file my_file.json (JSON, C-alpha atoms)
[["chain", "number", "residue", "atom", "x", "y", "z"],
["V", 1, "MET", "CA", 93.89, 88.36, 70.54],
["V", 2, "VAL", "CA", 91.57, 87.07, 73.26],
["V", 3, "ALA", "CA", 94.51, 86.59, 75.64],
["V", 4, "ASP", "CA", 95.56, 90.20, 75.07],
["V", 5, "GLU", "CA", 92.05, 91.41, 75.88],
["V", 6, "LYS", "CA", 91.98, 89.29, 79.05],
["V", 7, "GLU", "CA", 95.37, 90.62, 80.14],
["V", 8, "SER", "CA", 94.22, 94.15, 79.38],
["V", 9, "GLU", "CA", 91.09, 93.67, 81.48],
["V", 10, "THR", "CA", 93.15, 92.23, 84.35],
["V", 11, "ALA", "CA", 95.58, 95.16, 84.17],
["V", 12, "LYS", "CA", 92.66, 97.61, 84.17],
["V", 13, "LYS", "CA", 91.11, 96.01, 87.28],
["V", 14, "LEU", "CA", 94.47, 96.02, 89.03],
["V", 15, "ALA", "CA", 95.01, 99.70, 88.18],
["V", 16, "GLU", "CA", 91.54, 100.58, 89.51],
["V", 17, "ALA", "CA", 92.20, 98.59, 92.68],
["V", 18, "LEU", "CA", 95.53, 100.32, 93.19],
["V", 19, "ALA", "CA", 93.87, 103.72, 92.83],
["V", 20, "GLU", "CA", 91.20, 102.72, 95.38],
["V", 21, "LEU", "CA", 93.91, 101.33, 97.67],
["V", 22, "GLN", "CA", 95.92, 104.56, 97.47],
["V", 23, "GLU", "CA", 92.88, 106.61, 98.46],
["V", 24, "ALA", "CA", 91.93, 104.24, 101.28],
["V", 25, "GLY", "CA", 95.53, 104.05, 102.51],
["V", 26, "ASN", "CA", 95.76, 107.81, 102.71],
["V", 27, "ALA", "CA", 92.50, 107.98, 104.65],
["V", 28, "ALA", "CA", 93.65, 105.25, 107.07],
["V", 29, "HIS", "CA", 96.95, 107.04, 107.60],
["V", 30, "GLU", "CA", 95.18, 110.32, 108.34],
["V", 31, "PHE", "CA", 92.92, 108.47, 110.78],
["V", 32, "GLY", "CA", 96.02, 107.14, 112.57],
["V", 33, "LEU", "CA", 95.86, 103.49, 111.55],
["V", 34, "ARG", "CA", 99.27, 101.95, 111.06],
["V", 35, "ILE", "CA", 100.46, 98.54, 109.99],
["V", 36, "SER", "CA", 103.79, 97.18, 111.18],
["V", 37, "PRO", "CA", 106.75, 96.51, 108.88],
["V", 38, "GLU", "CA", 106.44, 92.83, 109.84],
["V", 39, "ALA", "CA", 102.84, 92.73, 108.59],
["V", 40, "ILE", "CA", 103.81, 94.54, 105.39],
["V", 41, "ALA", "CA", 106.59, 92.00, 104.86],
["V", 42, "GLU", "CA", 104.03, 89.22, 105.32],
["V", 43, "ILE", "CA", 101.77, 90.79, 102.67],
["V", 44, "ASN", "CA", 104.76, 91.05, 100.34],
["V", 45, "LYS", "CA", 105.37, 87.30, 100.75],
["V", 46, "LEU", "CA", 102.13, 86.53, 98.95],
["V", 47, "PRO", "CA", 103.07, 84.92, 95.62],
["V", 48, "LYS", "CA", 101.22, 87.24, 93.22],
["V", 49, "PRO", "CA", 100.99, 91.05, 93.18],
["V", 50, "GLU", "CA", 97.24, 90.73, 92.68],
["V", 51, "GLN", "CA", 96.96, 88.82, 95.96],
["V", 52, "ARG", "CA", 98.90, 91.52, 97.78],
["V", 53, "VAL", "CA", 96.69, 94.30, 96.43],
["V", 54, "GLU", "CA", 93.58, 92.20, 97.03],
["V", 55, "LEU", "CA", 94.33, 91.69, 100.73],
["V", 56, "ALA", "CA", 95.39, 95.28, 101.33],
["V", 57, "LEU", "CA", 92.33, 96.61, 99.52],
["V", 58, "TRP", "CA", 90.05, 94.20, 101.36],
["V", 59, "LEU", "CA", 91.40, 95.54, 104.66],
["V", 60, "ALA", "CA", 90.99, 99.13, 103.51],
["V", 61, "ARG", "CA", 87.31, 98.83, 102.59],
["V", 62, "ASP", "CA", 84.77, 100.33, 104.98],
["V", 63, "GLU", "CA", 82.89, 97.07, 105.50],
["V", 64, "HIS", "CA", 86.06, 95.51, 106.98],
["V", 65, "PHE", "CA", 86.91, 98.38, 109.32],
["V", 66, "ASP", "CA", 86.48, 96.23, 112.41],
["V", 67, "VAL", "CA", 88.96, 93.63, 111.14],
["V", 68, "ALA", "CA", 91.49, 96.30, 110.13],
["V", 69, "HIS", "CA", 91.06, 98.19, 113.39],
["V", 70, "ARG", "CA", 91.62, 95.02, 115.41],
["V", 71, "LEU", "CA", 94.70, 94.24, 113.30],
["V", 72, "MET", "CA", 96.18, 97.67, 113.98],
["V", 73, "GLY", "CA", 95.87, 97.09, 117.72],
["V", 74, "LEU", "CA", 98.04, 93.95, 117.65],
["V", 75, "LYS", "CA", 101.77, 93.76, 118.28],
["V", 76, "PRO", "CA", 103.93, 93.53, 115.11],
["V", 77, "LYS", "CA", 104.48, 89.76, 115.24],
["V", 78, "GLU", "CA", 100.79, 89.19, 115.95],
["V", 79, "GLN", "CA", 99.92, 91.39, 112.96],
["V", 80, "ALA", "CA", 102.07, 89.17, 110.73],
["V", 81, "VAL", "CA", 100.26, 86.04, 111.97],
["V", 82, "GLU", "CA", 96.88, 87.71, 111.41],
["V", 83, "ILE", "CA", 97.90, 88.72, 107.87],
["V", 84, "ARG", "CA", 98.70, 85.06, 107.09],
["V", 85, "ASN", "CA", 95.28, 84.06, 108.41],
["V", 86, "LEU", "CA", 93.46, 86.79, 106.51],
["V", 87, "ALA", "CA", 95.18, 85.85, 103.24],
["V", 88, "LYS", "CA", 93.58, 82.39, 103.53],
["V", 89, "ARG", "CA", 90.04, 83.68, 104.08],
["V", 90, "GLU", "CA", 87.50, 82.75, 101.47],
["V", 91, "ASP", "CA", 86.03, 86.25, 101.33],
["V", 92, "VAL", "CA", 89.48, 87.73, 100.63],
["V", 93, "GLN", "CA", 90.63, 85.33, 97.93],
["V", 94, "GLY", "CA", 89.30, 86.44, 94.56],
["V", 95, "SER", "CA", 87.61, 89.57, 95.87],
["V", 96, "LEU", "CA", 89.68, 91.73, 93.50],
["V", 97, "LYS", "CA", 88.11, 90.02, 90.49],
["V", 98, "ASN", "CA", 84.67, 90.80, 91.81],
["V", 99, "GLY", "CA", 84.35, 94.27, 93.30],
["V", 100, "ASP", "CA", 81.31, 93.16, 95.27],
["V", 101, "THR", "CA", 82.87, 91.02, 97.99],
["V", 102, "GLU", "CA", 79.55, 89.83, 99.38],
["V", 103, "SER", "CA", 78.39, 88.53, 95.99],
["V", 104, "TRP", "CA", 81.74, 86.79, 95.56],
["V", 105, "VAL", "CA", 81.44, 85.02, 98.92],
["V", 106, "ASP", "CA", 77.82, 84.05, 98.26],
["V", 107, "ALA", "CA", 78.74, 82.58, 94.86],
["V", 108, "ARG", "CA", 81.61, 80.56, 96.36],
["V", 109, "ARG", "CA", 79.42, 79.22, 99.16],
["V", 110, "GLN", "CA", 76.70, 78.28, 96.70],
["V", 111, "ALA", "CA", 79.25, 76.48, 94.50],
["V", 112, "ARG", "CA", 80.47, 74.52, 97.52],
["V", 113, "ARG", "CA", 76.91, 73.53, 98.47],
["V", 114, "GLU", "CA", 76.30, 72.35, 94.92],
["V", 115, "GLY", "CA", 79.55, 70.36, 94.92],
["V", 116, "ARG", "CA", 81.19, 72.45, 92.22],
["V", 117, "ARG", "CA", 84.22, 73.22, 94.39],
["V", 118, "ARG", "CA", 85.86, 71.87, 97.50]]
call {"tool": "encode", "arguments": {"input": "my_file.json", "output": "structure tokens"}}
result
Amino acid sequence: MVADEKESETAKKLAEALAELQEAGNAAHEFGLRISPEAIAEINKLPKPEQRVELALWLARDEHFDVAHRLMGLKPKEQAVEIRNLAKREDVQGSLKNGDTESWVDARRQARREGRRR
């Protein structure tokens, strides 16, 4: 039963993230920000759907506007390379599980300092 509750919680967080992503994506589109098909294909290469949503949502959040804006100004192949780099960032990975990205990054850095992760 515990596994079912955990899966249910994960599904709920993913649904909330997708709703937030839809709203942010619409706003970005209205603002004129576009991402190339090559960059979208690169996002779709991420192994798990959660990782894809996580990266897209991370880019869509207000606090990452400068990163997203810079990405949109790149040529399509450069966007794909940047997407690969962003997917590896510590502040992107796992940010979906913790809605507060800054707290997530701080916790990961603290764990590294204390030797709890490499």
call {"tool": "residues_around", "arguments": {"input": "my_file.json", "residues": "Lys45 in chain V", "least_positions_apart": "6", "cutoff": "12 Å", "atoms": "all atoms listed in the file", "output": "PDB file with C-alpha atoms, in the coordinates of the input"}}
result
ATOM      1  CA  GLU V  38     106.440  92.830 109.840  1.00  0.00           C
ATOM      2  CA  ALA V  39     102.840  92.730 108.590  1.00  0.00           C
ATOM      3  CA  GLN V  51      96.960  88.820  95.960  1.00  0.00           C
ATOM      4  CA  ARG V  52      98.900  91.520  97.780  1.00  0.00           C
ATOM      5  CA  VAL V  53      96.690  94.300  96.430  1.00  0.00           C
ATOM      6  CA  LEU V  55      94.330  91.690 100.730  1.00  0.00           C
ATOM      7  CA  ALA V  80     102.070  89.170 110.730  1.00  0.00           C
ATOM      8  CA  ILE V  83      97.900  88.720 107.870  1.00  0.00           C
ATOM      9  CA  ARG V  84      98.700  85.060 107.090  1.00  0.00           C
ATOM     10  CA  ALA V  87      95.180  85.850 103.240  1.00  0.00           C
TER      11      ALA V  87
END
call {"tool": "residues_near_point", "arguments": {"input": "my_file.json", "point": "(98.9, 94.6, 115.5)", "cutoff": "10 Å", "atoms": "all atoms listed in the file", "output": "PDB file with C-alpha atoms, in the frame of the given file"}}
result
ATOM      1  CA  ARG V  34      99.270 101.950 111.060  1.00  0.00           C
ATOM      2  CA  ILE V  35     100.460  98.540 109.990  1.00  0.00           C
ATOM      3  CA  SER V  36     103.790  97.180 111.180  1.00  0.00           C
ATOM      4  CA  GLU V  38     106.440  92.830 109.840  1.00  0.00           C
ATOM      5  CA  ALA V  39     102.840  92.730 108.590  1.00  0.00           C
ATOM      6  CA  ALA V  68      91.490  96.300 110.130  1.00  0.00           C
ATOM      7  CA  HIS V  69      91.060  98.190 113.390  1.00  0.00           C
ATOM      8  CA  ARG V  70      91.620  95.020 115.410  1.00  0.00           C
ATOM      9  CA  LEU V  71      94.700  94.240 113.300  1.00  0.00           C
ATOM     10  CA  MET V  72      96.180  97.670 113.980  1.00  0.00           C
ATOM     11  CA  GLY V  73      95.870  97.090 117.720  1.00  0.00           C
ATOM     12  CA  LEU V  74      98.040  93.950 117.650  1.00  0.00           C
ATOM     13  CA  LYS V  75     101.770  93.760 118.280  1.00  0.00           C
ATOM     14  CA  PRO V  76     103.930  93.530 115.110  1.00  0.00           C
ATOM     15  CA  LYS V  77     104.480  89.760 115.240  1.00  0.00           C
ATOM     16  CA  GLU V  78     100.790  89.190 115.950  1.00  0.00           C
ATOM     17  CA  GLN V  79      99.920  91.390 112.960  1.00  0.00           C
ATOM     18  CA  ALA V  80     102.070  89.170 110.730  1.00  0.00           C
ATOM     19  CA  VAL V  81     100.260  86.040 111.970  1.00  0.00           C
ATOM     20  CA  GLU V  82      96.880  87.710 111.410  1.00  0.00           C
ATOM     21  CA  ILE V  83      97.900  88.720 107.870  1.00  0.00           C
TER      22      ILE V  83
END
call {"tool": "atom_distance", "arguments": {"input": "my_file.json", "atom1": "CA of Gln22 in chain V", "atom2": "CA of Trp58 in chain V"}}
result
12.5 Å
call {"tool": "closest_residue", "arguments": {"input": "my_file.json", "among": "V:Ile43, V:Leu21, V:Leu33, V:Leu59", "to": "Asp91 in chain V", "atoms": "only C-alpha atoms"}}
result
V:Leu59
call {"tool": "closest_residue", "arguments": {"input": "my_file.json", "among": "V:Ala60, V:Leu46, V:Leu86, V:Ile40", "to": "Ala17 in chain V", "atoms": "all atoms listed in the file"}}
result
V:Ala60
call {"tool": "axis_aligned_box", "arguments": {"input": "my_file.json", "around": "range 52-68 of chain V", "padding_each_side": "3 Å", "output": "AutoDock Vina command-line options"}}
result
--center_x 90.9 --center_y 95.9 --center_z 104.4 --size_x 22.0 --size_y 14.8 --size_z 22.0
call {"tool": "atom_distance", "arguments": {"input": "my_file.json", "atom1": "CA of Ala24 in chain V", "atom2": "CA of Asp66 in chain V"}}
result
14.8 Å
call {"tool": "atom_distance", "arguments": {"input": "my_file.json", "atom1": "CA of Ala11 in chain V", "atom2": "CA of Glu50 in chain V"}}
result
9.7 Å
call {"tool": "closest_residue", "arguments": {"input": "my_file.json", "among": "V:Glu7, V:Glu54, V:Glu42, V:Glu63", "to": "Ser95 in chain V", "atoms": "all atoms listed in the file"}}
result
V:Glu54
call {"tool": "decode", "arguments": {"input": "my_file.json", "residues": "range 76-99 of chain V", "atoms": "N, CA, C and O atoms", "output": "PDB file, in the first residue's frame"}}
result
ATOM      1  N   PRO V  76      19.445  26.831 -33.642  1.00  0.00           N
ATOM      2  CA  PRO V  76      18.859  25.541 -33.257  1.00  0.00           C
ATOM      3  C   PRO V  76      19.851  24.498 -32.742  1.00  0.00           C
ATOM      4  O   PRO V  76      19.615  23.873 -31.700  1.00  0.00           O
ATOM      5  N   LYS V  77      20.967  24.317 -33.417  1.00  0.00           N
ATOM      6  CA  LYS V  77      21.946  23.319 -32.954  1.00  0.00           C
ATOM      7  C   LYS V  77      22.582  23.735 -31.635  1.00  0.00           C
ATOM      8  O   LYS V  77      22.858  22.902 -30.775  1.00  0.00           O
ATOM      9  N   GLU V  78      22.797  25.030 -31.466  1.00  0.00           N
ATOM     10  CA  GLU V  78      23.348  25.535 -30.209  1.00  0.00           C
ATOM     11  C   GLU V  78      22.344  25.362 -29.072  1.00  0.00           C
ATOM     12  O   GLU V  78      22.724  25.111 -27.924  1.00  0.00           O
ATOM     13  N   GLN V  79      21.045  25.514 -29.377  1.00  0.00           N
ATOM     14  CA  GLN V  79      20.016  25.277 -28.367  1.00  0.00           C
ATOM     15  C   GLN V  79      20.069  23.829 -27.882  1.00  0.00           C
ATOM     16  O   GLN V  79      19.961  23.568 -26.683  1.00  0.00           O
ATOM     17  N   ALA V  80      20.240  22.894 -28.803  1.00  0.00           N
ATOM     18  CA  ALA V  80      20.299  21.480 -28.436  1.00  0.00           C
ATOM     19  C   ALA V  80      21.482  21.206 -27.514  1.00  0.00           C
ATOM     20  O   ALA V  80      21.351  20.483 -26.516  1.00  0.00           O
ATOM     21  N   VAL V  81      22.625  21.800 -27.819  1.00  0.00           N
ATOM     22  CA  VAL V  81      23.813  21.634 -26.962  1.00  0.00           C
ATOM     23  C   VAL V  81      23.543  22.227 -25.583  1.00  0.00           C
ATOM     24  O   VAL V  81      23.869  21.629 -24.551  1.00  0.00           O
ATOM     25  N   GLU V  82      22.941  23.395 -25.551  1.00  0.00           N
ATOM     26  CA  GLU V  82      22.631  24.053 -24.269  1.00  0.00           C
ATOM     27  C   GLU V  82      21.636  23.230 -23.452  1.00  0.00           C
ATOM     28  O   GLU V  82      21.759  23.129 -22.234  1.00  0.00           O
ATOM     29  N   ILE V  83      20.665  22.612 -24.109  1.00  0.00           N
ATOM     30  CA  ILE V  83      19.698  21.756 -23.411  1.00  0.00           C
ATOM     31  C   ILE V  83      20.429  20.593 -22.739  1.00  0.00           C
ATOM     32  O   ILE V  83      20.155  20.252 -21.590  1.00  0.00           O
ATOM     33  N   ARG V  84      21.378  19.976 -23.451  1.00  0.00           N
ATOM     34  CA  ARG V  84      22.161  18.876 -22.855  1.00  0.00           C
ATOM     35  C   ARG V  84      22.910  19.358 -21.614  1.00  0.00           C
ATOM     36  O   ARG V  84      22.962  18.667 -20.603  1.00  0.00           O
ATOM     37  N   ASN V  85      23.473  20.551 -21.701  1.00  0.00           N
ATOM     38  CA  ASN V  85      24.206  21.107 -20.562  1.00  0.00           C
ATOM     39  C   ASN V  85      23.272  21.429 -19.396  1.00  0.00           C
ATOM     40  O   ASN V  85      23.600  21.159 -18.232  1.00  0.00           O
ATOM     41  N   LEU V  86      22.133  22.011 -19.698  1.00  0.00           N
ATOM     42  CA  LEU V  86      21.183  22.358 -18.640  1.00  0.00           C
ATOM     43  C   LEU V  86      20.656  21.117 -17.931  1.00  0.00           C
ATOM     44  O   LEU V  86      20.452  21.127 -16.715  1.00  0.00           O
ATOM     45  N   ALA V  87      20.432  20.046 -18.676  1.00  0.00           N
ATOM     46  CA  ALA V  87      19.905  18.816 -18.084  1.00  0.00           C
ATOM     47  C   ALA V  87      20.851  18.232 -17.049  1.00  0.00           C
ATOM     48  O   ALA V  87      20.425  17.492 -16.155  1.00  0.00           O
ATOM     49  N   LYS V  88      22.131  18.578 -17.124  1.00  0.00           N
ATOM     50  CA  LYS V  88      23.136  18.068 -16.186  1.00  0.00           C
ATOM     51  C   LYS V  88      23.295  18.954 -14.949  1.00  0.00           C
ATOM     52  O   LYS V  88      23.959  18.556 -14.003  1.00  0.00           O
ATOM     53  N   ARG V  89      22.708  20.131 -14.990  1.00  0.00           N
ATOM     54  CA  ARG V  89      22.899  21.078 -13.882  1.00  0.00           C
ATOM     55  C   ARG V  89      22.303  20.547 -12.589  1.00  0.00           C
ATOM     56  O   ARG V  89      21.230  19.968 -12.558  1.00  0.00           O
ATOM     57  N   GLU V  90      23.019  20.801 -11.523  1.00  0.00           N
ATOM     58  CA  GLU V  90      22.599  20.341 -10.205  1.00  0.00           C
ATOM     59  C   GLU V  90      21.296  20.997  -9.759  1.00  0.00           C
ATOM     60  O   GLU V  90      20.475  20.361  -9.095  1.00  0.00           O
ATOM     61  N   ASP V  91      21.087  22.248 -10.112  1.00  0.00           N
ATOM     62  CA  ASP V  91      19.867  22.929  -9.685  1.00  0.00           C
ATOM     63  C   ASP V  91      18.657  22.542 -10.526  1.00  0.00           C
ATOM     64  O   ASP V  91      17.533  22.860 -10.168  1.00  0.00           O
ATOM     65  N   VAL V  92      18.866  21.827 -11.620  1.00  0.00           N
ATOM     66  CA  VAL V  92      17.755  21.337 -12.440  1.00  0.00           C
ATOM     67  C   VAL V  92      17.347  19.943 -11.974  1.00  0.00           C
ATOM     68  O   VAL V  92      16.168  19.659 -11.779  1.00  0.00           O
ATOM     69  N   GLN V  93      18.332  19.087 -11.777  1.00  0.00           N
ATOM     70  CA  GLN V  93      18.068  17.699 -11.414  1.00  0.00           C
ATOM     71  C   GLN V  93      17.398  17.618 -10.042  1.00  0.00           C
ATOM     72  O   GLN V  93      17.938  18.083  -9.061  1.00  0.00           O
ATOM     73  N   GLY V  94      16.220  17.046 -10.010  1.00  0.00           N
ATOM     74  CA  GLY V  94      15.492  16.879  -8.755  1.00  0.00           C
ATOM     75  C   GLY V  94      14.633  18.060  -8.363  1.00  0.00           C
ATOM     76  O   GLY V  94      13.960  18.003  -7.351  1.00  0.00           O
ATOM     77  N   SER V  95      14.654  19.122  -9.147  1.00  0.00           N
ATOM     78  CA  SER V  95      13.892  20.314  -8.756  1.00  0.00           C
ATOM     79  C   SER V  95      12.390  20.081  -8.808  1.00  0.00           C
ATOM     80  O   SER V  95      11.634  20.776  -8.139  1.00  0.00           O
ATOM     81  N   LEU V  96      11.947  19.089  -9.563  1.00  0.00           N
ATOM     82  CA  LEU V  96      10.514  18.788  -9.630  1.00  0.00           C
ATOM     83  C   LEU V  96      10.018  18.212  -8.313  1.00  0.00           C
ATOM     84  O   LEU V  96       8.907  18.479  -7.888  1.00  0.00           O
ATOM     85  N   LYS V  97      10.870  17.450  -7.642  1.00  0.00           N
ATOM     86  CA  LYS V  97      10.489  16.836  -6.368  1.00  0.00           C
ATOM     87  C   LYS V  97      10.368  17.873  -5.270  1.00  0.00           C
ATOM     88  O   LYS V  97       9.664  17.693  -4.307  1.00  0.00           O
ATOM     89  N   ASN V  98      11.100  18.959  -5.425  1.00  0.00           N
ATOM     90  CA  ASN V  98      11.081  20.023  -4.436  1.00  0.00           C
ATOM     91  C   ASN V  98      10.742  21.306  -5.174  1.00  0.00           C
ATOM     92  O   ASN V  98      11.568  21.820  -5.904  1.00  0.00           O
ATOM     93  N   GLY V  99       9.534  21.808  -4.994  1.00  0.00           N
ATOM     94  CA  GLY V  99       9.092  22.989  -5.727  1.00  0.00           C
ATOM     95  C   GLY V  99       9.947  24.212  -5.494  1.00  0.00           C
ATOM     96  O   GLY V  99       9.976  25.115  -6.309  1.00  0.00           O
TER      97      GLY V  99
END
